[in-house]
Structures are given as structure tokens and as C-alpha cells.
$ cat upload_27.json   # JSON, C-alpha atoms and all ligand atoms
[["chain", "number", "residue", "atom", "x", "y", "z"],
["T", 1426, "MET", "CA", 152.29, 180.84, 141.20],
["T", 1427, "HIS", "CA", 149.86, 178.92, 139.01],
["T", 1428, "THR", "CA", 149.70, 179.07, 135.25],
["T", 1429, "PHE", "CA", 146.44, 179.58, 133.39],
["T", 1430, "PRO", "CA", 145.58, 179.71, 129.70],
["T", 1431, "VAL", "CA", 144.53, 183.15, 128.47],
["T", 1432, "LYS", "CA", 140.81, 182.66, 127.78],
["T", 1433, "LYS", "CA", 140.36, 185.70, 125.54],
["T", 1434, "ILE", "CA", 141.93, 189.04, 124.69],
["T", 1435, "ILE", "CA", 140.20, 192.31, 123.80],
["T", 1436, "GLU", "CA", 142.06, 195.17, 122.11],
["T", 1437, "HIS", "CA", 140.67, 198.53, 123.27],
["T", 1438, "GLY", "CA", 142.95, 200.58, 121.02],
["T", 1439, "PRO", "CA", 146.61, 200.78, 120.01],
["T", 1440, "GLY", "CA", 148.71, 199.27, 122.84],
["T", 1441, "VAL", "CA", 145.82, 198.80, 125.29],
["T", 1442, "LYS", "CA", 144.39, 195.32, 125.84],
["T", 1443, "SER", "CA", 142.38, 193.30, 128.37],
["T", 1444, "PHE", "CA", 143.42, 189.72, 129.17],
["T", 1445, "TYR", "CA", 140.89, 187.27, 130.62],
["T", 1446, "PHE", "CA", 141.60, 184.22, 132.78],
["T", 1447, "GLU", "CA", 139.33, 181.67, 134.39],
["T", 1448, "GLN", "CA", 138.43, 182.98, 137.86],
["T", 1449, "SER", "CA", 140.56, 181.16, 140.45],
["T", 1450, "PHE", "CA", 140.25, 183.67, 143.33],
["T", 1451, "GLU", "CA", 138.14, 186.51, 144.74],
["T", 1452, "ALA", "CA", 139.61, 190.04, 144.80],
["T", 1453, "GLN", "CA", 138.62, 193.35, 146.35],
["T", 1454, "PRO", "CA", 138.65, 196.45, 144.13],
["T", 1455, "GLY", "CA", 142.17, 197.92, 144.29],
["T", 1456, "GLN", "CA", 143.95, 194.61, 144.87],
["T", 1457, "PHE", "CA", 146.48, 193.41, 142.31],
["T", 1458, "VAL", "CA", 147.96, 190.20, 140.94],
["T", 1459, "ASN", "CA", 151.48, 189.46, 139.77],
["T", 1460, "LEU", "CA", 151.35, 188.34, 136.16],
["T", 1461, "TRP", "CA", 154.20, 186.11, 135.00],
["T", 1462, "ILE", "CA", 155.33, 185.61, 131.43],
["T", 1463, "PRO", "CA", 157.42, 182.42, 131.59],
["T", 1464, "GLY", "CA", 161.04, 183.15, 130.79],
["T", 1465, "VAL", "CA", 160.50, 186.92, 130.89],
["T", 1466, "ASP", "CA", 159.47, 188.42, 134.25],
["T", 1467, "GLU", "CA", 156.47, 189.07, 136.49],
["T", 1468, "LYS", "CA", 154.78, 192.44, 137.07],
["T", 1469, "PRO", "CA", 151.83, 193.68, 139.15],
["T", 1470, "PHE", "CA", 148.49, 194.50, 137.54],
["T", 1471, "SER", "CA", 145.18, 195.56, 139.07],
["T", 1472, "VAL", "CA", 142.14, 193.37, 138.63],
["T", 1473, "SER", "CA", 139.81, 195.40, 136.38],
["T", 1474, "ALA", "CA", 136.81, 193.05, 136.50],
["T", 1475, "ILE", "CA", 135.54, 189.75, 137.84],
["T", 1476, "LYS", "CA", 132.53, 188.68, 135.81],
["T", 1477, "ASP", "CA", 130.98, 185.53, 134.37],
["T", 1478, "GLY", "CA", 133.67, 183.32, 135.92],
["T", 1479, "LEU", "CA", 136.51, 185.36, 134.39],
["T", 1480, "ILE", "CA", 139.21, 187.61, 135.86],
["T", 1481, "GLU", "CA", 140.09, 190.60, 133.67],
["T", 1482, "ILE", "CA", 143.41, 192.45, 133.66],
["T", 1483, "SER", "CA", 143.76, 195.58, 131.52],
["T", 1484, "VAL", "CA", 147.18, 196.63, 130.34],
["T", 1485, "LYS", "CA", 148.77, 199.61, 128.61],
["T", 1486, "GLN", "CA", 152.00, 199.00, 126.74],
["T", 1487, "TYR", "CA", 155.02, 200.81, 128.26],
["T", 1488, "GLY", "CA", 158.31, 198.88, 128.27],
["T", 1489, "SER", "CA", 159.74, 195.46, 127.63],
["T", 1490, "PHE", "CA", 157.35, 193.41, 129.79],
["T", 1491, "THR", "CA", 154.16, 194.91, 128.44],
["T", 1492, "GLN", "CA", 155.52, 194.75, 124.87],
["T", 1493, "LYS", "CA", 155.95, 191.01, 125.33],
["T", 1494, "LEU", "CA", 152.49, 190.71, 126.91],
["T", 1495, "MET", "CA", 150.90, 192.43, 123.89],
["T", 1496, "GLN", "CA", 152.16, 189.48, 121.79],
["T", 1497, "ALA", "CA", 150.26, 186.90, 123.92],
["T", 1498, "ARG", "CA", 147.50, 184.94, 122.19],
["T", 1499, "ALA", "CA", 144.38, 183.19, 123.54],
["T", 1500, "GLY", "CA", 145.45, 179.77, 124.84],
["T", 1501, "ASP", "CA", 148.96, 180.89, 125.89],
["T", 1502, "LEU", "CA", 149.91, 179.90, 129.44],
["T", 1503, "LEU", "CA", 150.65, 182.83, 131.79],
["T", 1504, "GLY", "CA", 151.24, 182.76, 135.54],
["T", 1505, "LEU", "CA", 149.09, 184.54, 138.14],
["T", 1506, "ARG", "CA", 150.02, 185.12, 141.78],
["T", 1507, "GLY", "CA", 147.70, 186.90, 144.20],
["T", 1508, "PRO", "CA", 145.52, 188.75, 144.93],
["T", 1509, "PHE", "CA", 147.84, 191.04, 146.91],
["T", 1510, "GLY", "CA", 147.58, 194.30, 148.83],
["T", 1511, "ASN", "CA", 144.63, 196.07, 150.37],
["T", 1512, "GLY", "CA", 141.48, 197.31, 148.64],
["T", 1513, "PHE", "CA", 139.30, 200.41, 148.50],
["T", 1514, "THR", "CA", 136.66, 200.94, 151.21],
["T", 1515, "LEU", "CA", 133.10, 201.37, 149.91],
["T", 1516, "ARG", "CA", 131.72, 204.92, 150.33],
["T", 1517, "GLU", "CA", 128.64, 206.93, 149.38],
["T", 1518, "ASN", "CA", 128.52, 210.00, 147.07],
["T", 1519, "ALA", "CA", 132.01, 209.36, 145.79],
["T", 1520, "LEU", "CA", 133.95, 210.73, 142.84],
["T", 1521, "LEU", "CA", 136.10, 208.20, 140.94],
["T", 1522, "ILE", "CA", 139.04, 209.92, 139.24],
["T", 1523, "GLY", "CA", 141.11, 207.90, 136.78],
["T", 1524, "GLY", "CA", 144.11, 208.93, 134.72],
["T", 1525, "GLY", "CA", 145.11, 206.73, 131.75],
["T", 1526, "ILE", "CA", 145.25, 203.03, 132.58],
["T", 1527, "GLY", "CA", 144.45, 204.01, 136.20],
["T", 1528, "ILE", "CA", 140.86, 203.50, 135.10],
["T", 1529, "ALA", "CA", 141.46, 199.71, 135.44],
["T", 1530, "PRO", "CA", 141.18, 199.29, 139.25],
["T", 1531, "LEU", "CA", 138.32, 201.82, 139.33],
["T", 1532, "ARG", "CA", 136.23, 199.61, 137.05],
["T", 1533, "LEU", "CA", 136.04, 196.80, 139.63],
["T", 1534, "LEU", "CA", 135.36, 199.43, 142.30],
["T", 1535, "ALA", "CA", 132.52, 200.93, 140.23],
["T", 1536, "ALA", "CA", 130.93, 197.50, 139.81],
["T", 1537, "GLU", "CA", 131.10, 196.90, 143.57],
["T", 1538, "LEU", "CA", 129.68, 200.36, 144.43],
["T", 1539, "HIS", "CA", 126.86, 199.86, 141.94],
["T", 1540, "GLN", "CA", 126.05, 196.43, 143.36],
["T", 1541, "ASN", "CA", 125.87, 197.95, 146.85],
["T", 1542, "ASN", "CA", 123.56, 200.78, 145.66],
["T", 1543, "LYS", "CA", 126.13, 203.47, 146.44],
["T", 1544, "ARG", "CA", 125.92, 206.64, 144.34],
["T", 1545, "PHE", "CA", 129.10, 207.70, 142.56],
["T", 1546, "VAL", "CA", 130.28, 209.99, 139.77],
["T", 1547, "SER", "CA", 133.10, 209.21, 137.30],
["T", 1548, "LEU", "CA", 135.81, 211.59, 136.07],
["T", 1549, "PHE", "CA", 138.36, 210.16, 133.66],
["T", 1550, "GLY", "CA", 141.21, 211.55, 131.62],
["T", 1551, "ALA", "CA", 143.63, 210.01, 129.11],
["T", 1552, "ALA", "CA", 145.98, 211.03, 126.34],
["T", 1553, "THR", "CA", 143.56, 210.02, 123.56],
["T", 1554, "LYS", "CA", 140.13, 208.41, 123.13],
["T", 1555, "TYR", "CA", 141.85, 205.04, 122.58],
["T", 1556, "GLU", "CA", 143.20, 205.06, 126.15],
["T", 1557, "LEU", "CA", 139.87, 206.15, 127.61],
["T", 1558, "ILE", "CA", 138.68, 202.58, 128.00],
["T", 1559, "PHE", "CA", 135.42, 201.24, 129.52],
["T", 1560, "LYS", "CA", 133.53, 204.50, 128.74],
["T", 1561, "ALA", "CA", 130.27, 202.68, 127.99],
["T", 1562, "ASP", "CA", 130.45, 200.59, 131.19],
["T", 1563, "PHE", "CA", 130.87, 203.65, 133.39],
["T", 1564, "LYS", "CA", 128.18, 205.63, 131.54],
["T", 1565, "GLU", "CA", 125.68, 202.86, 132.21],
["T", 1566, "ILE", "CA", 126.01, 203.15, 135.99],
["T", 1567, "SER", "CA", 127.20, 206.71, 136.74],
["T", 1568, "ASN", "CA", 127.21, 210.33, 135.68],
["T", 1569, "CYS", "CA", 130.49, 210.74, 133.75],
["T", 1570, "TYR", "CA", 132.97, 213.50, 132.88],
["T", 1571, "PHE", "CA", 135.63, 212.69, 130.27],
["T", 1572, "TYR", "CA", 138.82, 214.54, 129.32],
["T", 1573, "THR", "CA", 141.50, 213.83, 126.71],
["T", 1574, "ASP", "CA", 144.82, 215.60, 126.15],
["T", 1575, "ASP", "CA", 144.13, 215.90, 122.42],
["T", 1576, "GLY", "CA", 140.39, 216.60, 122.65],
["T", 1577, "SER", "CA", 139.56, 213.38, 120.73],
["T", 1578, "PHE", "CA", 136.83, 212.54, 123.29],
["T", 1579, "GLY", "CA", 135.10, 214.59, 125.98],
["T", 1580, "ARG", "CA", 136.65, 217.92, 126.93],
["T", 1581, "LYS", "CA", 140.22, 218.79, 126.01],
["T", 1582, "GLY", "CA", 142.41, 219.04, 129.10],
["T", 1583, "LEU", "CA", 143.19, 217.39, 132.43],
["T", 1584, "VAL", "CA", 140.90, 215.83, 135.04],
["T", 1585, "THR", "CA", 141.84, 218.59, 137.47],
["T", 1586, "GLU", "CA", 140.54, 221.32, 135.14],
["T", 1587, "ASP", "CA", 137.00, 221.64, 136.53],
["T", 1588, "LEU", "CA", 137.40, 219.51, 139.65],
["T", 1589, "LEU", "CA", 136.24, 222.06, 142.21],
["T", 1590, "ASN", "CA", 132.99, 222.69, 140.32],
["T", 1591, "ILE", "CA", 132.33, 218.96, 139.88],
["T", 1592, "ILE", "CA", 132.88, 218.32, 143.60],
["T", 1593, "ARG", "CA", 130.49, 221.16, 144.47],
["T", 1594, "ASP", "CA", 127.79, 220.46, 141.87],
["T", 1595, "GLU", "CA", 127.77, 216.68, 142.44],
["T", 1596, "LYS", "CA", 127.86, 217.03, 146.26],
["T", 1597, "ILE", "CA", 130.91, 214.77, 146.53],
["T", 1598, "GLU", "CA", 131.82, 213.42, 149.99],
["T", 1599, "PHE", "CA", 134.65, 211.00, 149.12],
["T", 1600, "ILE", "CA", 137.27, 210.73, 146.38],
["T", 1601, "TYR", "CA", 138.92, 207.65, 144.86],
["T", 1602, "ALA", "CA", 141.77, 208.07, 142.40],
["T", 1603, "ALA", "CA", 144.12, 205.90, 140.35],
["T", 1604, "GLY", "CA", 146.60, 207.04, 137.75],
["T", 1605, "PRO", "CA", 150.04, 208.62, 137.34],
["T", 1606, "GLU", "CA", 151.65, 209.97, 140.49],
["T", 1607, "ILE", "CA", 151.80, 213.53, 139.21],
["T", 1608, "MET", "CA", 147.99, 213.41, 139.07],
["T", 1609, "PHE", "CA", 147.90, 212.61, 142.82],
["T", 1610, "VAL", "CA", 150.12, 215.60, 143.55],
["T", 1611, "LYS", "CA", 147.77, 217.93, 141.65],
["T", 1612, "LEU", "CA", 144.69, 216.32, 143.23],
["T", 1613, "LYS", "CA", 146.11, 216.72, 146.75],
["T", 1614, "GLU", "CA", 146.71, 220.44, 146.14],
["T", 1615, "ILE", "CA", 143.01, 220.83, 145.32],
["T", 1616, "ILE", "CA", 141.41, 218.33, 147.71],
["T", 1617, "ASP", "CA", 143.47, 218.74, 150.90],
["T", 1618, "PRO", "CA", 142.15, 222.27, 151.66],
["T", 1619, "LEU", "CA", 138.56, 220.98, 151.23],
["T", 1620, "ASP", "CA", 139.06, 218.30, 153.87],
["T", 1621, "ILE", "CA", 137.34, 215.64, 151.75],
["T", 1622, "PRO", "CA", 138.61, 212.13, 152.62],
["T", 1623, "TYR", "CA", 140.18, 210.11, 149.79],
["T", 1624, "GLU", "CA", 141.89, 206.91, 148.75],
["T", 1625, "PHE", "CA", 144.54, 206.77, 146.01],
["T", 1626, "CYS", "CA", 145.57, 203.51, 144.33],
["T", 1627, "MET", "CA", 149.32, 203.89, 143.80],
["T", 1628, "GLU", "CA", 152.05, 202.17, 141.81],
["T", 1629, "ARG", "CA", 155.68, 201.37, 142.59],
["T", 1630, "TYR", "CA", 158.17, 198.93, 141.07],
["T", 1631, "MET", "CA", 157.37, 195.66, 142.85],
["T", 1632, "LYS", "CA", 159.18, 192.36, 143.14],
["T", 1633, "CYS", "CA", 157.98, 189.95, 145.85],
["T", 1634, "GLY", "CA", 154.48, 191.47, 146.22],
["T", 1635, "ILE", "CA", 154.25, 190.14, 149.78],
["T", 1636, "GLY", "CA", 156.23, 192.61, 151.90],
["T", 1637, "ILE", "CA", 159.61, 190.83, 152.09],
["T", 1638, "CYS", "CA", 162.02, 192.49, 149.65],
["T", 1639, "GLY", "CA", 161.47, 196.18, 150.54],
["T", 1640, "GLN", "CA", 161.46, 197.24, 146.87],
["T", 1641, "CYS", "CA", 158.14, 199.10, 147.10],
["T", 1642, "VAL", "CA", 158.71, 200.98, 150.39],
["T", 1643, "LEU", "CA", 157.67, 204.66, 150.31],
["T", 1644, "ASP", "CA", 160.24, 207.04, 151.79],
["T", 1645, "GLY", "CA", 159.19, 209.03, 154.82],
["T", 1646, "SER", "CA", 156.48, 206.60, 155.90],
["T", 1647, "GLY", "CA", 158.01, 203.14, 155.54],
["T", 1648, "VAL", "CA", 154.75, 201.93, 153.98],
["T", 1649, "ARG", "CA", 155.24, 198.82, 151.83],
["T", 1650, "LEU", "CA", 152.93, 199.52, 148.94],
["T", 1651, "CYS", "CA", 152.42, 195.82, 148.17],
["T", 1652, "VAL", "CA", 151.08, 195.07, 151.68],
["T", 1653, "GLU", "CA", 149.86, 198.31, 153.34],
["T", 1654, "GLY", "CA", 148.89, 199.60, 149.85],
["T", 1655, "PRO", "CA", 148.41, 199.95, 146.97],
["T", 1656, "VAL", "CA", 145.41, 201.89, 148.26],
["T", 1657, "LEU", "CA", 146.50, 204.69, 150.62],
["T", 1658, "ASN", "CA", 144.26, 207.28, 152.30],
["T", 1659, "GLN", "CA", 144.97, 210.91, 153.27],
["T", 1660, "ASP", "CA", 146.43, 209.83, 156.65],
["T", 1661, "ASP", "CA", 148.72, 207.18, 155.10],
["T", 1662, "LEU", "CA", 150.05, 209.78, 152.68],
["T", 1663, "LYS", "CA", 150.88, 212.40, 155.35],
["T", 1664, "GLY", "CA", 154.32, 210.92, 156.04],
["T", 1665, "VAL", "CA", 155.25, 210.19, 152.41],
["T", 1666, "THR", "CA", 158.05, 212.53, 151.32],
["T", 1667, "GLU", "CA", 158.57, 211.33, 147.74],
["T", 1668, "LEU", "CA", 155.10, 211.64, 146.18],
["T", 1669, "GLY", "CA", 155.50, 212.62, 142.54],
["T", 1670, "MET", "CA", 159.26, 213.17, 143.02],
["T", 1671, "VAL", "CA", 161.14, 209.86, 142.98],
["T", 1672, "HIS", "CA", 160.57, 206.17, 142.48],
["T", 1673, "ARG", "CA", 162.88, 203.15, 142.48],
["T", 1674, "ASP", "CA", 164.05, 201.10, 139.53],
["T", 1675, "ALA", "CA", 164.57, 197.31, 139.45],
["T", 1676, "SER", "CA", 167.83, 197.61, 141.41],
["T", 1677, "GLY", "CA", 166.19, 199.72, 144.14],
["T", 1678, "ARG", "CA", 168.00, 202.91, 142.96],
["T", 1679, "ARG", "CA", 166.05, 206.15, 143.47],
["T", 1680, "ILE", "CA", 165.12, 207.79, 140.17],
["T", 1681, "LYS", "CA", 163.87, 211.35, 139.83],
["O", 1, "LIG", "C1", 149.80, 197.75, 142.24],
["O", 1, "LIG", "C2", 150.05, 197.99, 140.78],
["O", 1, "LIG", "C3", 149.02, 197.85, 139.89],
["O", 1, "LIG", "C4", 149.25, 198.06, 138.51],
["O", 1, "LIG", "N1", 148.21, 197.91, 137.66],
["O", 1, "LIG", "C5", 148.40, 198.09, 136.34],
["O", 1, "LIG", "C6", 147.31, 197.91, 135.43],
["O", 1, "LIG", "O1", 146.19, 197.57, 135.80],
["O", 1, "LIG", "N2", 147.57, 198.09, 134.11],
["O", 1, "LIG", "C7", 148.82, 198.47, 133.65],
["O", 1, "LIG", "O2", 148.98, 198.60, 132.41],
["O", 1, "LIG", "N3", 149.85, 198.65, 134.49],
["O", 1, "LIG", "C8", 149.67, 198.46, 135.82],
["O", 1, "LIG", "N4", 150.73, 198.60, 136.68],
["O", 1, "LIG", "C9", 152.08, 198.93, 136.11],
["O", 1, "LIG", "C10", 152.79, 197.64, 135.65],
["O", 1, "LIG", "O3", 153.10, 196.83, 136.77],
["O", 1, "LIG", "C11", 154.14, 197.95, 134.96],
["O", 1, "LIG", "O4", 154.95, 198.71, 135.79],
["O", 1, "LIG", "C12", 153.93, 198.71, 133.68],
["O", 1, "LIG", "O5", 153.06, 197.97, 132.87],
["O", 1, "LIG", "C13", 155.25, 198.94, 132.93],
["O", 1, "LIG", "O6", 155.95, 197.72, 132.79],
["O", 1, "LIG", "P1", 157.00, 197.48, 131.59],
["O", 1, "LIG", "O7", 157.97, 196.43, 132.01],
["O", 1, "LIG", "O8", 156.30, 197.24, 130.31],
["O", 1, "LIG", "O9", 157.74, 198.83, 131.44],
["O", 1, "LIG", "P2", 159.13, 199.24, 132.11],
["O", 1, "LIG", "O10", 160.22, 198.61, 131.30],
["O", 1, "LIG", "O11", 159.08, 198.98, 133.56],
["O", 1, "LIG", "O12", 159.09, 200.78, 131.83],
["O", 1, "LIG", "C14", 159.34, 201.34, 130.56],
["O", 1, "LIG", "C15", 159.27, 202.85, 130.65],
["O", 1, "LIG", "O13", 157.95, 203.26, 131.04],
["O", 1, "LIG", "C16", 157.97, 203.95, 132.29],
["O", 1, "LIG", "N5", 156.84, 203.47, 133.04],
["O", 1, "LIG", "C17", 156.70, 202.27, 133.65],
["O", 1, "LIG", "N6", 155.53, 202.18, 134.27],
["O", 1, "LIG", "C18", 154.90, 203.36, 134.04],
["O", 1, "LIG", "C19", 153.66, 203.89, 134.42],
["O", 1, "LIG", "N7", 152.81, 203.18, 135.16],
["O", 1, "LIG", "N8", 153.34, 205.14, 134.00],
["O", 1, "LIG", "C20", 154.18, 205.86, 133.24],
["O", 1, "LIG", "N9", 155.39, 205.41, 132.85],
["O", 1, "LIG", "C21", 155.74, 204.19, 133.25],
["O", 1, "LIG", "C22", 159.29, 203.56, 132.95],
["O", 1, "LIG", "O14", 159.76, 204.59, 133.81],
["O", 1, "LIG", "C23", 160.20, 203.37, 131.75],
["O", 1, "LIG", "O15", 160.71, 204.60, 131.32],
["O", 1, "LIG", "C24", 150.54, 198.42, 138.05],
["O", 1, "LIG", "C25", 151.58, 198.56, 138.97],
["O", 1, "LIG", "C26", 151.34, 198.36, 140.31],
["O", 1, "LIG", "C27", 152.46, 198.51, 141.29],
["O", 2, "LIG", "S1", 157.42, 194.28, 146.46],
["O", 2, "LIG", "FE1", 158.66, 193.34, 147.98],
["O", 2, "LIG", "S2", 158.16, 194.45, 149.79],
["O", 2, "LIG", "FE2", 156.75, 195.19, 148.31]]
$ encode --input "upload_27.json" --output "C-alpha cells" --more "lines below"
Ligand SMILES: Cc1cc2nc3c(=O)[nH]c(=O)nc-3n(C[C@H](O)[C@H](O)[C@H](O)COP(=O)(O)OP(=O)(O)OC[C@H]3O[C@@H](n4cnc5c(N)ncnc54)[C@H](O)[C@@H]3O)c2cc1C
Ligand code: FES
Amino acid sequence: MHTFPVKKIIEHGPGVKSFYFEQSFEAQPGQFVNLWIPGVDEKPFSVSAIKDGLIEISVKQYGSFTQKLMQARAGDLLGLRGPFGNGFTLRENALLIGGGIGIAPLRLLAAELHQNNKRFVSLFGAATKYELIFKADFKEISNCYFYTDDGSFGRKGLVTEDLLNIIRDEKIEFIYAAGPEIMFVKLKEIIDPLDIPYEFCMERYMKCGIGICGQCVLDGSGVRLCVEGPVLNQDDLKGVTELGMVHRDASGRRIK
């Protein structure tokens, strides 16, 4: 763990911010870092961009850790450990599906796909327009479909609403997704019968981040999400018996 001063902070909307640090490592899209607030805790966050010598991490406020993080100021010292986990593979004619702050890892992926001249289409959903971050960045490099729960931007509804038509009309051959687990369950119901390959970037409560503690193991498959994930494909997910049903809290207890 090394500490770095926060170089700058951007507020996207209420409770959603990006934190920038001097670039001290390379990362593949999908990989994550453990961010440490001295005296508080450390938690995993995806790298949302690496640009102009800076690493960007984009955070939505949920509980005690992210509340504390929202109080950080430029110049504060925070710890970074990583990058950890695997990354997305780069594919052609892909659809990127992001739910809420799940858009964060897809932003680095989009930059990499664009750099490698790979065509892709973006489909994002969030509760409100304030959580639908990086809209302009994605619009610059891809055809985009946006949804919000309250209709404040794009179409009102969920990303799954018109998915079959988008896949057909955009001639999609591969799907990437990141977001809440219930979104993966709904996506699987639609995509599995089509036999389109996919990669989902998943989240679990993590501690060590390096495969030792067992906190992030997925039942049914034994996959350690911090090492064999967080990006899992359709084959990795076949054995997982708890998708969208249970996760573990800090003590390792299963929570429905
Ligand atoms: C590989 C990986 C990458 C991640 N990348 C990001 C990222 O880029 N940006 C980001 O903001 N977060 C990301 N997370 C989630 C992050 O690590 C924290 O779990 C999250 O910010 C909540 O932490 P907290 O301590 O503030 O809330 P907690 O105190 O842990 O939770 C407070 C409440 O919110 C619920 N909650 C916690 N996490 C979520 C969630 N993800 N969705 C819905 N409800 C939740 C809890 O069940 C609890 O009820 C990632 C997690 C993993 C494993
Ligand atoms: S967080 Fe410890 S094994 Fe994954």
C-alpha cells in the first residue's frame, strides 16, 4: 500500500464523484484497486480512466466508507493498492451495458476499444440523470442508448427494456456489462438463449484483494472474484449458484 495525494476531485452530481491520483501503475479495463482511507478502511474500486498521467476512480456514495470518501479534499493522502483481478478481453461489435456506477469500469474499456479501432455501442441506465455519468465521453466515440428510472434523461425505464431490438439492429456479437447483480440476472435471461458470448464485471465484499482470505468466493463455483474475477464470462458463471440471490457481509455471513 502506498499513499498518494488526491490530485483533483470532480463532482458529477449529488453523491457521485471522481477522484484523481498521479498514475503509478498500468491497469487493464475491469481491474480494480483497493482504496484506503487512513484510520477508516479500504474498499475496492474499478479504474474508470487512465489519462494524462492520472488514474481516475469514480465513486457513488452508499455507506460509511463512501460517505467518508465524499469528504476528501484535493491534497489529502489516500492509499492505493493494486491493480488487482483480471480484465475484459477486447472484442468487435460489442454492446457495453452499464447500470448505475457500473459505468465506471466500462469507461476505461470504451477508451481501449476505441484506441484499438473496435466498433462498440453503449447502453446505460441509472436512477437519475445525475448518476448517468460520462455521457458526453461515450457519445463522442459510440452510438449510445440511455435510460433513467425517473425519465430525467434518455428513455424512462431499464436497460433491458429494448435490449433484443438493440442487439438485432446494431448487429451485436459480444456483450460487456457492469452494474448491480440483479441486472446480470435479467441480462442472462435475455442473452443466454441468443448464445451471444459475454463478460460481466461483478462485485462482492472484498478484504485482501489477492485471493487469500476467501471473503469474495462465489458459491457453487469456488471462483475468488478478486483473482479469477471481477470479470467473469458465460462459462465462469455456469457454476455460480448465488447470482442475484445472496452475498456476504464483512464477517463472511451470507445475506439474502
Ligand atoms: C471489484 C469491485 C469494483 C468496484 N468498483 C466500484 C466503483 O468503481 N465505484 C463504486 O462506487 N463502487 C465500486 N465498488 C463497490 C465499493 O467497493 C463499495 O462496496 C461500495 O462503495 C459501498 O461501500 P460503503 O462502505 O460505502 O457501503 P457499505 O457500508 O458497504 O454499504 C452500505 C449499504 O449499501 C449497500 N451496498 C453496498 N454496496 C452496494 C452496491 N454496489 N450496490 C448497491 N448497494 C450496495 C449495502 O448492502 C448496505 O446496505 C466496487 C466493488 C468491487 C468488488
Ligand atoms: S478478497 Fe480475499 S480472497 Fe478475495
$ closest_atom_pairs --input "upload_27.json" --of "range 1460-1568 of chain T" --to "range 1614-1633 of chain T" --cutoff "8 Å" --atoms "all atoms listed in the file" --output "tab-separated table"
residue	atom	partner	partner_atom	distance
T:Glu1467	CA	T:Lys1632	CA	7.9
T:Lys1468	CA	T:Met1631	CA	7.1
T:Pro1469	CA	T:Met1631	CA	6.9
T:Phe1513	CA	T:Glu1624	CA	7.0
T:Pro1530	CA	T:Cys1626	CA	7.9
$ residues_near_ligand --input "upload_27.json" --ligand "ligand LIG 1 (chain O)" --cutoff "9 Å" --atoms "all atoms listed in the file" --output "PyMOL selection string"
chain T and resi 1441-1442+1455-1460+1466-1473+1482-1494+1509-1510+1525-1530+1604-1606+1626-1631+1634+1641+1650-1651+1654-1656+1672+1674-1675+1680
$ closest_residue --input "upload_27.json" --among "T:Leu1538, T:Val1648, T:Ile1462, T:Val1584" --to "Ser1567 in chain T" --atoms "only C-alpha atoms"
T:Leu1538
$ residues_around --input "upload_27.json" --residues "range 1532-1535 of chain T" --least-positions-apart "4" --cutoff "12 Å" --atoms "all atoms listed in the file" --output "ChimeraX atom specification"
/T:1451-1457,1471-1476,1480-1483,1512-1517,1519-1523,1526-1528,1539-1549,1558-1569,1601-1603,1624,1626,1656
$ atom_distance --input "upload_27.json" --atom1 "CA of Pro1463 in chain T" --atom2 "CA of Thr1428 in chain T"
9.2 Å
$ closest_residue --input "upload_27.json" --among "T:Leu1557, T:Ile1434, T:Leu1643, T:Ile1597" --to "ligand LIG 2 (chain O)" --atoms "all atoms listed in the file"
T:Leu1643
$ closest_residue --input "upload_27.json" --among "T:Ile1635, T:Leu1657, T:Leu1662, T:Ala1499" --to "ligand LIG 2 (chain O)" --atoms "all atoms listed in the file"
T:Ile1635
$ atom_distance --input "upload_27.json" --atom1 "CA of Thr1553 in chain T" --atom2 "CA of Leu1612 in chain T"
20.7 Å
$ residues_near_point --input "upload_27.json" --point "(146.3, 191.3, 118.8)" --cutoff "9 Å" --atoms "only C-alpha atoms" --output "ChimeraX atom specification"
/T:1434-1436,1442,1495-1498
$ atom_distance --input "upload_27.json" --atom1 "CA of Ser1577 in chain T" --atom2 "CA of Gly1438 in chain T"
13.2 Å
$ closest_residue --input "upload_27.json" --among "T:Glu1537, T:Leu1531, T:Gly1524, T:Lys1433" --to "Leu1583 in chain T" --atoms "only C-alpha atoms"
T:Gly1524
$ closest_residue --input "upload_27.json" --among "T:Tyr1572, T:Ala1536, T:Pro1508, T:Arg1580" --to "Ala1552 in chain T" --atoms "only C-alpha atoms"
T:Tyr1572
$ residues_near_point --input "upload_27.json" --point "(167.0, 207.1, 146.2)" --cutoff "12 Å" --atoms "all atoms listed in the file" --output "list of chain:residue names"
T:Gln1640, T:Cys1641, T:Val1642, T:Leu1643, T:Asp1644, T:Gly1645, T:Thr1666, T:Glu1667, T:Met1670, T:Val1671, T:His1672, T:Arg1673, T:Asp1674, T:Ser1676, T:Gly1677, T:Arg1678, T:Arg1679, T:Ile1680, T:Lys1681
$ residues_around --input "upload_27.json" --residues "Met1426 in chain T" --least-positions-apart "6" --cutoff "7 Å" --atoms "all atoms listed in the file" --output "ChimeraX atom specification"
/T:1504-1506
$ closest_residue --input "upload_27.json" --among "T:Cys1638, T:Val1610, T:Phe1578, T:Pro1430" --to "Gln1659 in chain T" --atoms "all atoms listed in the file"
T:Val1610
$ decode --input "upload_27.json" --residues "range 1458-1469 of chain T" --atoms "N, CA and C atoms" --output "short mmCIF file (atom, residue, chain, number, x, y, z; two decimals), in the first residue's frame"
data_model
loop_
_atom_site.label_atom_id
_atom_site.label_comp_id
_atom_site.auth_asym_id
_atom_site.auth_seq_id
_atom_site.Cartn_x
_atom_site.Cartn_y
_atom_site.Cartn_z
N VAL T 1458 -8.65 -1.34 -7.88
CA VAL T 1458 -7.65 -1.04 -6.85
C VAL T 1458 -8.35 -1.03 -5.50
N ASN T 1459 -7.60 -1.29 -4.43
CA ASN T 1459 -8.13 -1.10 -3.10
C ASN T 1459 -7.75 0.30 -2.64
N LEU T 1460 -8.76 1.07 -2.30
CA LEU T 1460 -8.54 2.46 -1.87
C LEU T 1460 -8.65 2.50 -0.35
N TRP T 1461 -7.64 3.07 0.28
CA TRP T 1461 -7.57 3.09 1.75
C TRP T 1461 -7.73 4.51 2.25
N ILE T 1462 -8.68 4.67 3.19
CA ILE T 1462 -8.76 5.95 3.91
C ILE T 1462 -8.11 5.69 5.26
N PRO T 1463 -6.94 6.29 5.54
CA PRO T 1463 -6.24 6.01 6.79
C PRO T 1463 -7.15 6.15 8.00
N GLY T 1464 -7.13 5.11 8.83
CA GLY T 1464 -7.92 5.14 10.05
C GLY T 1464 -9.37 4.73 9.85
N VAL T 1465 -9.75 4.45 8.61
CA VAL T 1465 -11.16 4.09 8.33
C VAL T 1465 -11.24 2.65 7.82
N ASP T 1466 -10.83 2.40 6.60
CA ASP T 1466 -10.97 1.06 6.00
C ASP T 1466 -10.39 1.14 4.58
N GLU T 1467 -10.37 0.00 3.89
CA GLU T 1467 -10.06 0.03 2.45
C GLU T 1467 -11.15 -0.72 1.71
N LYS T 1468 -11.47 -0.26 0.49
CA LYS T 1468 -12.52 -0.89 -0.32
C LYS T 1468 -12.09 -0.91 -1.78
N PRO T 1469 -12.61 -1.90 -2.53
CA PRO T 1469 -12.23 -1.99 -3.95
C PRO T 1469 -13.02 -1.03 -4.85
#
